[in-house]
file run.txt (compact mmCIF, C-alpha atoms and all ligand atoms)
# COMPACT_ATOMS: atom_id res chain seq x y z
CA MET I 51 0.00 0.00 0.00
CA THR I 52 1.30 3.44 -0.82
CA GLN I 53 1.90 5.82 2.03
CA ASN I 54 -0.55 8.72 1.97
CA LYS I 55 1.10 12.09 1.83
CA ILE I 56 0.89 14.00 5.11
CA LEU I 57 0.99 17.77 4.76
CA LEU I 58 2.44 19.44 7.83
CA PRO I 59 1.86 23.02 9.03
CA GLY I 60 3.62 25.45 6.73
CA SER I 61 2.19 23.68 3.67
CA LYS I 62 0.23 25.76 1.19
CA LEU I 63 -3.42 24.83 0.79
CA GLY I 64 -5.40 26.09 -2.21
CA VAL I 65 -9.14 26.66 -2.33
CA MET I 66 -11.21 27.16 -5.47
CA GLY I 67 -13.66 29.90 -4.50
CA ALA I 68 -13.41 32.52 -1.79
CA GLY I 69 -16.87 32.83 -0.26
CA GLN I 70 -17.83 32.21 3.36
CA LEU I 71 -16.96 28.51 3.23
CA ALA I 72 -13.44 29.30 2.05
CA ARG I 73 -13.23 32.00 4.72
CA MET I 74 -14.16 29.63 7.55
CA PHE I 75 -11.79 26.97 6.21
CA ALA I 76 -8.98 29.53 5.93
CA LEU I 77 -9.50 30.72 9.50
CA GLU I 78 -9.24 27.12 10.73
CA ALA I 79 -6.24 26.21 8.59
CA ILE I 80 -4.31 29.41 9.35
CA THR I 81 -4.90 28.88 13.09
CA SER I 82 -3.28 25.47 12.64
CA GLY I 83 -0.23 26.95 10.92
CA TYR I 84 -1.05 26.42 7.25
CA GLU I 85 -0.83 28.95 4.45
CA VAL I 86 -4.09 29.30 2.52
CA HIS I 87 -4.34 30.47 -1.08
CA VAL I 88 -7.77 31.24 -2.53
CA PHE I 89 -8.74 31.56 -6.20
CA SER I 90 -11.78 33.65 -7.03
CA PRO I 91 -13.14 35.60 -9.99
CA GLU I 92 -14.54 38.20 -7.60
CA ARG I 93 -12.80 41.00 -5.77
CA ASN I 94 -13.70 41.63 -2.12
CA SER I 95 -14.63 38.01 -1.47
CA PRO I 96 -15.35 36.89 2.13
CA ALA I 97 -12.12 34.85 2.29
CA PHE I 98 -10.06 37.94 1.45
CA GLY I 99 -8.63 39.80 4.40
CA VAL I 100 -8.53 36.87 6.83
CA GLY I 101 -4.93 36.03 6.06
CA ALA I 102 -5.37 33.98 2.88
CA LYS I 103 -3.30 34.84 -0.21
CA GLU I 104 -5.58 35.90 -3.04
CA THR I 105 -5.63 35.23 -6.77
CA VAL I 106 -8.34 37.15 -8.61
CA ALA I 107 -8.97 35.70 -12.07
CA GLU I 108 -11.66 33.96 -14.08
CA TYR I 109 -11.77 30.21 -13.47
CA GLU I 110 -11.20 29.70 -17.21
CA ASN I 111 -7.94 31.69 -17.12
CA ARG I 112 -5.61 28.74 -17.74
CA GLU I 113 -2.39 30.67 -17.19
CA LYS I 114 -3.47 32.16 -13.84
CA LEU I 115 -4.91 28.84 -12.70
CA LEU I 116 -1.72 26.96 -13.57
CA SER I 117 0.49 29.41 -11.73
CA PHE I 118 -1.88 29.15 -8.72
CA LEU I 119 -1.67 25.34 -8.80
CA LYS I 120 2.14 25.34 -9.12
CA ASN I 121 2.41 27.28 -5.89
CA ILE I 122 0.30 25.03 -3.60
CA ASN I 123 0.67 21.57 -2.01
CA ALA I 124 -3.02 20.57 -1.99
CA LEU I 125 -6.28 21.82 -3.45
CA THR I 126 -9.85 21.75 -2.24
CA PHE I 127 -13.12 23.43 -3.26
CA GLU I 128 -15.54 25.71 -1.49
CA PHE I 129 -18.26 25.23 -4.07
CA GLU I 130 -19.14 22.97 -6.96
CA ASN I 131 -19.98 25.37 -9.76
CA ILE I 132 -16.48 25.41 -11.21
CA PRO I 133 -16.47 25.41 -15.04
CA GLU I 134 -15.37 22.23 -16.79
CA ALA I 135 -12.47 24.13 -18.40
CA ALA I 136 -10.99 24.72 -14.94
CA LEU I 137 -11.69 21.20 -13.72
CA SER I 138 -9.84 19.69 -16.65
CA VAL I 139 -6.82 21.97 -16.07
CA ILE I 140 -6.80 20.87 -12.43
CA GLU I 141 -7.13 17.21 -13.36
CA GLU I 142 -4.36 17.40 -15.95
CA PHE I 143 -2.04 19.27 -13.57
CA SER I 144 -2.62 16.95 -10.62
CA GLY I 145 -2.05 13.93 -12.88
CA LYS I 146 1.43 15.21 -13.68
CA SER I 147 2.37 16.49 -10.23
CA SER I 148 2.00 15.26 -6.67
CA LEU I 149 -0.75 17.76 -5.88
CA ASN I 150 -3.49 16.33 -3.64
CA VAL I 151 -6.88 17.39 -5.04
CA PHE I 152 -9.63 16.41 -2.59
CA PRO I 153 -12.40 15.85 -3.56
CA SER I 154 -11.47 14.72 -7.07
CA PRO I 155 -12.68 16.76 -10.08
CA ASN I 156 -14.86 13.78 -10.93
CA CYS I 157 -16.78 14.09 -7.67
CA ILE I 158 -17.24 17.81 -8.40
CA ARG I 159 -18.59 16.96 -11.86
CA ILE I 160 -21.19 14.66 -10.29
CA ALA I 161 -22.28 17.19 -7.67
CA GLN I 162 -22.60 20.11 -10.10
CA ASN I 163 -25.01 18.28 -12.39
CA ARG I 164 -28.37 17.16 -10.96
CA TRP I 165 -28.77 14.46 -13.60
CA LYS I 166 -25.37 12.89 -12.84
CA GLU I 167 -25.91 13.34 -9.12
CA LYS I 168 -29.26 11.57 -9.03
CA ASN I 169 -27.92 8.78 -11.24
CA ALA I 170 -24.99 8.40 -8.83
CA PHE I 171 -27.53 7.97 -5.99
CA ARG I 172 -29.37 5.32 -8.02
CA ASN I 173 -26.16 3.49 -8.87
CA ALA I 174 -25.26 3.46 -5.19
CA GLY I 175 -28.68 2.04 -4.27
CA ILE I 176 -29.75 5.27 -2.55
CA PRO I 177 -33.45 6.08 -3.04
CA THR I 178 -34.23 9.45 -4.64
CA VAL I 179 -37.26 11.19 -6.17
CA ASN I 180 -38.34 10.14 -9.67
CA PHE I 181 -36.59 12.40 -12.17
CA TYR I 182 -36.61 12.91 -15.93
CA PRO I 183 -34.22 14.65 -18.31
CA VAL I 184 -35.08 17.68 -20.42
CA PHE I 185 -32.02 17.51 -22.65
CA THR I 186 -33.57 17.23 -26.12
CA GLU I 187 -36.61 18.65 -27.92
CA GLU I 188 -38.14 15.19 -27.72
CA ASP I 189 -37.68 15.10 -23.92
CA LYS I 190 -39.32 18.51 -23.77
CA ASN I 191 -42.34 17.29 -25.74
CA THR I 192 -42.83 14.04 -23.83
CA VAL I 193 -41.83 14.68 -20.21
CA ALA I 194 -45.17 16.20 -19.20
CA SER I 195 -46.97 12.92 -19.87
CA LYS I 196 -44.41 10.83 -17.97
CA VAL I 197 -44.08 12.68 -14.67
CA GLN I 198 -46.49 12.60 -11.71
CA TYR I 199 -47.79 15.89 -10.29
CA PRO I 200 -46.91 18.11 -8.52
CA CYS I 201 -43.39 18.29 -9.91
CA ILE I 202 -40.48 20.73 -10.04
CA LEU I 203 -38.66 21.85 -13.15
CA LYS I 204 -35.01 22.53 -12.18
CA THR I 205 -31.97 23.76 -14.03
CA ASN I 206 -29.60 20.82 -14.37
CA THR I 207 -26.54 22.87 -13.48
CA MET I 208 -25.69 26.08 -11.55
CA GLY I 209 -28.69 25.90 -9.19
CA TYR I 210 -28.42 26.87 -5.53
CA ASP I 211 -30.72 28.20 -2.78
CA GLY I 212 -33.77 27.22 -4.84
CA LYS I 213 -32.68 29.32 -7.84
CA GLY I 214 -33.75 28.02 -11.25
CA GLN I 215 -36.69 25.97 -9.89
CA ILE I 216 -40.34 26.14 -10.97
CA LYS I 217 -42.95 24.13 -9.08
CA CYS I 218 -45.76 22.87 -11.33
CA LYS I 219 -49.01 21.54 -9.87
CA THR I 220 -50.52 20.36 -13.14
CA LYS I 221 -49.54 19.15 -16.60
CA GLU I 222 -50.65 22.50 -18.05
CA GLU I 223 -48.34 24.36 -15.67
CA LEU I 224 -45.39 22.18 -16.62
CA ILE I 225 -46.07 22.57 -20.34
CA SER I 226 -46.20 26.31 -19.91
CA ALA I 227 -43.00 26.35 -17.80
CA LEU I 228 -41.23 24.19 -20.40
CA SER I 229 -42.28 26.48 -23.23
CA SER I 230 -40.76 29.47 -21.43
CA LEU I 231 -37.32 27.82 -21.15
CA LYS I 232 -34.53 29.66 -22.95
CA GLU I 233 -32.36 26.53 -23.09
CA LEU I 234 -32.62 22.78 -22.59
CA ASN I 235 -30.39 21.21 -19.87
CA HIS I 236 -33.10 20.91 -17.20
CA ILE I 237 -34.58 18.06 -15.23
CA VAL I 238 -38.11 17.46 -13.95
CA GLU I 239 -38.42 15.97 -10.48
CA GLU I 240 -41.54 14.68 -8.78
CA PHE I 241 -42.47 16.66 -5.70
CA PHE I 242 -42.20 14.69 -2.46
CA SER I 243 -44.37 15.95 0.40
CA PHE I 244 -41.88 15.28 3.16
CA THR I 245 -42.52 15.91 6.82
CA SER I 246 -38.88 16.73 7.56
CA GLU I 247 -35.55 17.40 5.92
CA ALA I 248 -32.28 15.99 7.23
CA SER I 249 -28.61 16.24 6.40
CA VAL I 250 -25.46 14.36 7.29
CA ILE I 251 -21.98 15.86 7.30
CA LEU I 252 -19.43 13.21 6.47
CA ALA I 253 -15.64 13.16 6.08
CA ARG I 254 -13.77 10.42 4.24
CA PHE I 255 -9.99 10.11 4.38
CA GLU I 256 -7.64 8.90 1.67
CA ASN I 257 -7.25 5.57 3.50
CA GLY I 258 -11.02 5.04 3.43
CA LYS I 259 -11.66 5.98 7.06
CA ILE I 260 -15.04 7.67 7.52
CA LEU I 261 -16.20 10.05 10.24
CA ASN I 262 -19.65 11.55 10.39
CA PHE I 263 -21.76 13.77 12.59
CA ARG I 264 -25.14 12.58 13.75
CA PRO I 265 -27.86 13.67 11.30
CA SER I 266 -29.33 17.16 11.69
CA GLU I 267 -32.82 18.42 10.96
CA ASN I 268 -33.14 21.38 8.60
CA ILE I 269 -35.91 23.92 8.10
CA HIS I 270 -35.91 25.89 4.84
CA LYS I 271 -37.64 29.20 4.24
CA ASN I 272 -38.20 30.26 0.61
CA HIS I 273 -35.93 27.36 -0.42
CA ILE I 274 -33.04 28.74 1.65
CA LEU I 275 -31.82 27.05 4.81
CA ASP I 276 -33.16 28.89 7.87
CA LEU I 277 -32.55 26.61 10.86
CA THR I 278 -30.53 23.49 11.61
CA PHE I 279 -31.22 21.46 14.74
CA HIS I 280 -28.33 19.22 15.70
CA PRO I 281 -28.84 16.40 16.35
CA GLY I 282 -32.18 16.02 14.56
CA ASN I 283 -35.06 14.41 16.38
CA PHE I 284 -35.08 11.14 14.42
CA SER I 285 -35.46 7.53 15.52
CA ASP I 286 -32.28 5.47 15.76
CA GLU I 287 -33.42 3.46 12.77
CA ILE I 288 -33.83 6.58 10.59
CA GLN I 289 -30.49 7.97 11.79
CA ASP I 290 -28.74 4.71 10.92
CA ARG I 291 -30.21 4.67 7.44
CA LEU I 292 -29.26 8.30 6.80
CA VAL I 293 -25.67 7.56 7.80
CA PHE I 294 -25.71 4.33 5.79
CA TYR I 295 -26.75 6.21 2.62
CA ALA I 296 -24.16 8.96 3.19
CA THR I 297 -21.44 6.33 3.65
CA LYS I 298 -22.62 4.40 0.61
CA LEU I 299 -22.35 7.49 -1.60
CA ALA I 300 -18.87 8.38 -0.31
CA GLU I 301 -17.59 4.87 -0.97
CA THR I 302 -19.28 4.41 -4.34
CA ILE I 303 -17.85 7.60 -5.85
CA ASP I 304 -14.55 7.28 -3.93
CA TYR I 305 -15.04 10.66 -2.28
CA ILE I 306 -12.19 12.15 -0.27
CA GLY I 307 -12.90 15.21 1.88
CA VAL I 308 -16.02 16.56 3.58
CA PHE I 309 -19.52 16.58 2.12
CA GLY I 310 -23.03 17.47 3.21
CA ILE I 311 -25.86 15.28 1.95
CA GLU I 312 -29.54 16.26 2.15
CA PHE I 313 -32.57 14.01 2.56
CA PHE I 314 -36.37 14.21 2.59
CA ILE I 315 -38.20 12.10 5.19
CA LYS I 316 -41.84 11.05 5.50
CA ASP I 317 -42.70 8.37 8.08
CA ASP I 318 -40.19 5.60 7.41
CA GLN I 319 -39.49 6.68 3.84
CA ILE I 320 -36.20 8.42 3.09
CA LEU I 321 -35.30 9.98 -0.26
CA CYS I 322 -31.96 11.58 -0.97
CA ASN I 323 -32.23 15.09 -2.42
CA GLU I 324 -28.69 16.23 -3.19
CA PHE I 325 -25.14 16.47 -1.88
CA ALA I 326 -22.62 19.28 -1.75
CA PRO I 327 -18.94 18.33 -2.25
CA ARG I 328 -17.66 20.58 0.54
CA PRO I 329 -18.60 21.74 4.03
CA HIS I 330 -22.28 22.55 4.09
CA ASN I 331 -24.39 25.33 5.56
CA SER I 332 -26.23 22.71 7.65
CA GLY I 333 -22.85 21.72 9.17
CA HIS I 334 -22.07 25.13 10.66
CA PHE I 335 -23.40 23.91 14.03
CA SER I 336 -20.13 21.97 14.32
CA GLN I 337 -18.18 25.18 14.97
CA ASN I 338 -19.71 25.30 18.46
CA SER I 339 -20.66 21.69 19.20
CA GLY I 340 -17.66 21.06 21.42
CA GLY I 341 -15.50 18.89 19.16
CA LEU I 342 -14.07 19.00 15.66
CA SER I 343 -15.84 21.28 13.18
CA GLN I 344 -16.56 20.42 9.56
CA PHE I 345 -13.73 22.81 8.62
CA ASP I 346 -11.31 20.95 10.92
CA LEU I 347 -12.32 17.80 9.10
CA GLN I 348 -11.80 19.43 5.72
CA LEU I 349 -8.27 20.31 6.84
CA LYS I 350 -7.61 16.84 8.25
CA THR I 351 -8.81 15.00 5.15
CA LEU I 352 -6.92 17.36 2.83
CA CYS I 353 -3.65 16.97 4.75
CA ASN I 354 -4.05 13.35 5.92
CA LEU I 355 -3.76 14.40 9.55
CA PRO I 356 -4.52 12.12 12.51
CA ALA I 357 -8.19 11.99 13.46
CA PRO I 358 -10.20 10.50 16.32
CA GLU I 359 -12.04 7.19 16.02
CA LYS I 360 -15.44 8.87 16.33
CA ILE I 361 -16.88 12.36 16.26
CA THR I 362 -18.75 13.62 19.27
CA SER I 363 -20.97 16.70 19.22
CA ASN I 364 -23.15 18.54 21.71
CA PRO I 365 -26.57 19.87 20.69
CA VAL I 366 -26.49 23.14 18.74
CA THR I 367 -29.17 25.08 16.88
CA MET I 368 -27.95 27.13 13.92
CA LYS I 369 -29.85 30.05 12.42
CA ASN I 370 -28.82 31.69 9.17
CA ILE I 371 -28.62 35.46 8.91
CA LEU I 372 -29.84 36.63 5.51
CA GLY I 373 -29.52 40.23 4.30
CA GLU I 374 -32.98 41.11 5.60
CA ASP I 375 -32.11 39.70 9.07
CA TYR I 376 -28.80 41.55 9.37
CA LYS I 377 -29.46 43.83 12.36
CA PRO I 378 -26.33 44.78 14.29
CA ASP I 379 -27.10 46.93 17.32
CA SER I 380 -30.79 45.93 17.40
CA PRO I 381 -32.30 44.94 20.79
CA LEU I 382 -32.58 41.35 19.49
CA TRP I 383 -28.90 41.08 18.55
CA ASN I 384 -27.72 42.86 21.65
CA ARG I 385 -29.69 40.49 23.85
CA ALA I 386 -28.21 37.46 22.07
CA LEU I 387 -24.69 38.93 22.17
CA SER I 388 -24.94 39.40 25.91
CA ASP I 389 -25.66 35.68 26.29
CA PRO I 390 -22.58 33.43 25.88
CA GLU I 391 -24.79 30.60 24.62
CA TYR I 392 -25.37 32.49 21.35
CA ARG I 393 -22.29 32.67 19.12
CA LEU I 394 -22.24 35.03 16.13
CA HIS I 395 -20.38 34.15 12.92
CA LEU I 396 -20.28 36.82 10.21
CA TYR I 397 -18.82 36.50 6.73
CA GLY I 398 -17.45 40.03 6.25
CA LYS I 399 -19.93 41.00 3.51
CA SER I 400 -20.59 44.72 3.42
CA GLU I 401 -23.78 44.78 1.36
CA ALA I 402 -26.78 43.17 3.08
CA ARG I 403 -28.97 42.29 0.09
CA PRO I 404 -32.20 40.34 0.73
CA GLY I 405 -31.61 36.59 0.54
CA ARG I 406 -27.81 36.98 0.77
CA LYS I 407 -26.16 34.82 3.43
CA MET I 408 -24.41 37.29 5.76
CA GLY I 409 -23.59 34.96 8.67
CA HIS I 410 -25.18 32.64 11.20
CA TRP I 411 -25.86 32.17 14.90
CA ASN I 412 -25.02 29.01 16.81
CA TYR I 413 -26.93 28.44 20.04
CA SER I 414 -25.58 25.82 22.43
CA GLY I 415 -27.66 26.33 25.59
CA PRO I 416 -30.43 24.33 27.28
CA ASN I 417 -33.31 25.37 24.94
CA PRO I 418 -32.32 24.17 21.47
CA GLN I 419 -35.92 23.97 20.23
CA THR I 420 -36.94 27.50 21.17
CA ALA I 421 -33.66 29.42 20.93
CA PHE I 422 -34.74 31.33 17.81
CA GLN I 423 -38.50 31.42 18.28
CA ASP I 424 -40.04 34.82 17.52
CA TRP I 425 -36.86 36.09 15.90
CA GLU I 426 -38.57 37.41 12.79
P1 LIG I 501 -30.70 23.84 -4.20
O1 LIG I 501 -29.62 23.26 -5.05
O2 LIG I 501 -31.17 25.16 -4.68
O3 LIG I 501 -30.42 23.72 -2.72
P2 LIG I 501 -32.65 21.74 -3.74
O4 LIG I 501 -32.95 20.68 -4.74
O5 LIG I 501 -31.96 21.33 -2.49
O6 LIG I 501 -31.93 22.89 -4.53
O7 LIG I 501 -34.03 22.47 -3.37
C1 LIG I 501 -34.13 23.43 -2.32
C2 LIG I 501 -35.29 23.04 -1.42
O8 LIG I 501 -36.52 22.98 -2.17
C3 LIG I 501 -35.16 21.67 -0.78
O9 LIG I 501 -34.36 21.70 0.39
C4 LIG I 501 -36.63 21.36 -0.48
O10 LIG I 501 -37.08 22.08 0.66
C5 LIG I 501 -37.34 21.90 -1.72
N1 LIG I 501 -37.40 20.84 -2.77
C6 LIG I 501 -36.55 20.66 -3.78
N2 LIG I 501 -36.87 19.57 -4.52
C7 LIG I 501 -37.96 19.03 -3.96
C8 LIG I 501 -38.79 17.88 -4.26
N3 LIG I 501 -38.54 17.09 -5.30
N4 LIG I 501 -39.83 17.62 -3.43
C9 LIG I 501 -40.09 18.43 -2.36
N5 LIG I 501 -39.37 19.53 -2.04
C10 LIG I 501 -38.31 19.84 -2.82
MG MG I 502 -30.28 22.03 -1.44

call {"tool": "encode", "arguments": {"input": "run.txt", "output": "structure tokens"}}
result
Amino acid sequence: MTQNKILLPGSKLGVMGAGQLARMFALEAITSGYEVHVFSPERNSPAFGVGAKETVAEYENREKLLSFLKNINALTFEFENIPEAALSVIEEFSGKSSLNVFPSPNCIRIAQNRWKEKNAFRNAGIPTVNFYPVFTEEDKNTVASKVQYPCILKTNTMGYDGKGQIKCKTKEELISALSSLKELNHIVEEFFSFTSEASVILARFENGKILNFRPSENIHKNHILDLTFHPGNFSDEIQDRLVFYATKLAETIDYIGVFGIEFFIKDDQILCNEFAPRPHNSGHFSQNSGGLSQFDLQLKTLCNLPAPEKITSNPVTMKNILGEDYKPDSPLWNRALSDPEYRLHLYGKSEARPGRKMGHWNYSGPNPQTAFQDWE
């Protein structure tokens, strides 16, 4: 067996993307003595100004990307919507060098494409909603008579926070939504009337070792995550199956690194919705749950560092702060800030646009169910 490469403090870790996930990873890695280099097409990104070295260039800028890659010892991702042109440069470069790229570009390709992602679930024996392609004119003309209603028309790529989704209650609504499409490359999914949503944060090391947090329960508002309760209030049997499916996916696609995987639950039925090949918003509770955080795990898997046998975590409730909820110096915030059980995490974004993720609160006191009641 080949010895996995251990990257010690002082090593240079690259991140594709420089949003809040890269920022929180960078803060963790820099605290542990690593150098972090972020690559982003946007100026003033959240990961800038926290001690990471910055490259500002388009992802497709081959020259800039190659010089970025030459200067680092390992590469990870903070989000999946990296253009194929960049993924193939990364793949080609890592093939020729000893650069660790975790997760692999192939795992990113699966996660950035709903069609590939849902087929990966099927191939791994993980139940998911019924889904149909809208890739050709023929698909477009026939899908409305195949699918059961209600259904959701979704962009196949580049979707996040519910963007690019149209819910259709009837065949007529779907036909009308399809006729308004400017391009093909969509899928139609059957709507599943779940009673709860869950997620599992999992880390898989190069040697195959897997660590996971207990499943969390998530509440979305307008398709954007609002609250995460950790651990979720699920039976042992449901928890075991959620972890089983997460593990199955990681092993089937040979995933190395941290991912968040989302599920719909109704009674004893579980359907997998999607996974994100990186730390996940529903894993932010781990920053204040008393043990390793998902960003610690991202660092450990990337650098092959020693890890415990099991992950332990205390209960935490996480609440997202969107632009419209960003209220520094309000009575609400001041009350929470005066209570050490509420921890504030902000992403350094200056413009608080509605729907924009500005930060989150983690509550780790005795009232996890009611900690954010009446906060609107
Ligand atoms: P995104 O990539 O934007 O996060 P998701 O597929 O996770 O897209 O959809 C966002 C949310 O919309 C889900 O968390 C869920 O609440 C709801 N949703 C999406 N697809 C379905 C579905 N097939 N049935 C029921 N609810 C759904
Ligand atoms: Mg989602």

call {"tool": "residues_around", "arguments": {"input": "run.txt", "residues": "Pro96 of chain I", "least_positions_apart": "3", "cutoff": "9 Å", "atoms": "all atoms listed in the file", "output": "ChimeraX atom specification"}}
result
/I:68-73,99-100,397-399

call {"tool": "write_last_selection", "arguments": {"input": "run.txt", "atoms": "C-alpha atoms", "output": "CSV table (one decimal), keeping the file's coordinate frame"}}
result
chain,number,residue,atom,x,y,z
I,68,ALA,CA,-13.4,32.5,-1.8
I,69,GLY,CA,-16.9,32.8,-0.3
I,70,GLN,CA,-17.8,32.2,3.4
I,71,LEU,CA,-17.0,28.5,3.2
I,72,ALA,CA,-13.4,29.3,2.0
I,73,ARG,CA,-13.2,32.0,4.7
I,99,GLY,CA,-8.6,39.8,4.4
I,100,VAL,CA,-8.5,36.9,6.8
I,397,TYR,CA,-18.8,36.5,6.7
I,398,GLY,CA,-17.4,40.0,6.2
I,399,LYS,CA,-19.9,41.0,3.5

call {"tool": "residues_near_ligand", "arguments": {"input": "run.txt", "ligand": "ligand LIG 501 (chain I)", "cutoff": "7 Å", "atoms": "all atoms listed in the file", "output": "list of chain:residue names"}}
result
I:Val179, I:Cys201, I:Ile202, I:Gly209, I:Tyr210, I:Asp211, I:Gly212, I:Lys213, I:Glu239, I:Glu240, I:Phe241, I:Phe242, I:Ser243, I:Phe244, I:His270, I:His273, I:Ile274, I:Asn323, I:Glu324

call {"tool": "atom_distance", "arguments": {"input": "run.txt", "atom1": "atom CA of Lys55 of chain I", "atom2": "atom CA of Asn150 of chain I"}}
result
8.3 Å

call {"tool": "residues_around", "arguments": {"input": "run.txt", "residues": "segment 140-142 of chain I", "least_positions_apart": "2", "cutoff": "10 Å", "atoms": "only C-alpha atoms", "output": "ChimeraX atom specification"}}
result
/I:112,115-116,119,125,134-138,144-147,149,151,154-156

call {"tool": "atom_distance", "arguments": {"input": "run.txt", "atom1": "atom CA of Gln423 of chain I", "atom2": "atom CA of Lys377 of chain I"}}
result
16.5 Å

call {"tool": "axis_aligned_box", "arguments": {"input": "run.txt", "around": "segment 353-361 of chain I", "padding_each_side": "8 Å", "output": "lines of an AutoDock Vina configuration file"}}
result
center_x = -10.3
center_y = 12.1
center_z = 10.5
size_x = 29.2
size_y = 25.8
size_z = 27.6

call {"tool": "atom_distance", "arguments": {"input": "run.txt", "atom1": "atom CA of Arg159 of chain I", "atom2": "atom CA of Ser336 of chain I"}}
result
26.7 Å

call {"tool": "closest_residue", "arguments": {"input": "run.txt", "among": "I:Phe89, I:Phe314, I:Tyr182, I:Tyr413", "to": "ligand MG 502 (chain I)", "atoms": "all atoms listed in the file"}}
result
I:Phe314

call {"tool": "build_atoms", "arguments": {"input": "run.txt", "residues": "segment 335-340 of chain I", "atoms": "all heavy atoms", "output": "PDB file, keeping the file's coordinate frame"}}
result
ATOM      1  N   PHE I 335     -23.249  24.180  12.600  1.00  0.00           N
ATOM      2  CA  PHE I 335     -23.400  23.910  14.030  1.00  0.00           C
ATOM      3  C   PHE I 335     -22.102  23.384  14.630  1.00  0.00           C
ATOM      4  O   PHE I 335     -21.808  23.596  15.807  1.00  0.00           O
ATOM      5  CB  PHE I 335     -24.525  22.863  14.261  1.00  0.00           C
ATOM      6  CG  PHE I 335     -24.126  21.484  13.811  1.00  0.00           C
ATOM      7  CD1 PHE I 335     -23.411  20.656  14.667  1.00  0.00           C
ATOM      8  CD2 PHE I 335     -24.408  21.033  12.530  1.00  0.00           C
ATOM      9  CE1 PHE I 335     -22.983  19.393  14.245  1.00  0.00           C
ATOM     10  CE2 PHE I 335     -23.991  19.784  12.103  1.00  0.00           C
ATOM     11  CZ  PHE I 335     -23.277  18.969  12.968  1.00  0.00           C
ATOM     12  N   SER I 336     -21.322  22.669  13.809  1.00  0.00           N
ATOM     13  CA  SER I 336     -20.130  21.970  14.320  1.00  0.00           C
ATOM     14  C   SER I 336     -19.055  22.931  14.827  1.00  0.00           C
ATOM     15  O   SER I 336     -18.151  22.521  15.552  1.00  0.00           O
ATOM     16  CB  SER I 336     -19.561  21.053  13.232  1.00  0.00           C
ATOM     17  OG  SER I 336     -19.155  21.815  12.102  1.00  0.00           O
ATOM     18  N   GLN I 337     -19.164  24.207  14.461  1.00  0.00           N
ATOM     19  CA  GLN I 337     -18.180  25.180  14.970  1.00  0.00           C
ATOM     20  C   GLN I 337     -18.315  25.382  16.475  1.00  0.00           C
ATOM     21  O   GLN I 337     -17.377  25.832  17.114  1.00  0.00           O
ATOM     22  CB  GLN I 337     -18.374  26.533  14.264  1.00  0.00           C
ATOM     23  CG  GLN I 337     -18.038  26.481  12.794  1.00  0.00           C
ATOM     24  CD  GLN I 337     -18.439  27.764  12.100  1.00  0.00           C
ATOM     25  OE1 GLN I 337     -19.581  28.204  12.210  1.00  0.00           O
ATOM     26  NE2 GLN I 337     -17.514  28.378  11.389  1.00  0.00           N
ATOM     27  N   ASN I 338     -19.500  25.078  17.020  1.00  0.00           N
ATOM     28  CA  ASN I 338     -19.710  25.300  18.460  1.00  0.00           C
ATOM     29  C   ASN I 338     -20.324  24.080  19.142  1.00  0.00           C
ATOM     30  O   ASN I 338     -21.027  24.207  20.127  1.00  0.00           O
ATOM     31  CB  ASN I 338     -20.602  26.527  18.671  1.00  0.00           C
ATOM     32  CG  ASN I 338     -19.966  27.787  18.119  1.00  0.00           C
ATOM     33  OD1 ASN I 338     -20.337  28.261  17.054  1.00  0.00           O
ATOM     34  ND2 ASN I 338     -18.965  28.302  18.806  1.00  0.00           N
ATOM     35  N   SER I 339     -20.052  22.887  18.602  1.00  0.00           N
ATOM     36  CA  SER I 339     -20.660  21.690  19.200  1.00  0.00           C
ATOM     37  C   SER I 339     -19.665  20.943  20.083  1.00  0.00           C
ATOM     38  O   SER I 339     -19.906  19.804  20.464  1.00  0.00           O
ATOM     39  CB  SER I 339     -21.261  20.788  18.139  1.00  0.00           C
ATOM     40  OG  SER I 339     -20.257  20.309  17.285  1.00  0.00           O
ATOM     41  N   GLY I 340     -18.543  21.595  20.384  1.00  0.00           N
ATOM     42  CA  GLY I 340     -17.660  21.060  21.420  1.00  0.00           C
ATOM     43  C   GLY I 340     -16.558  20.141  20.931  1.00  0.00           C
ATOM     44  O   GLY I 340     -15.671  19.762  21.706  1.00  0.00           O
TER      45      GLY I 340
END
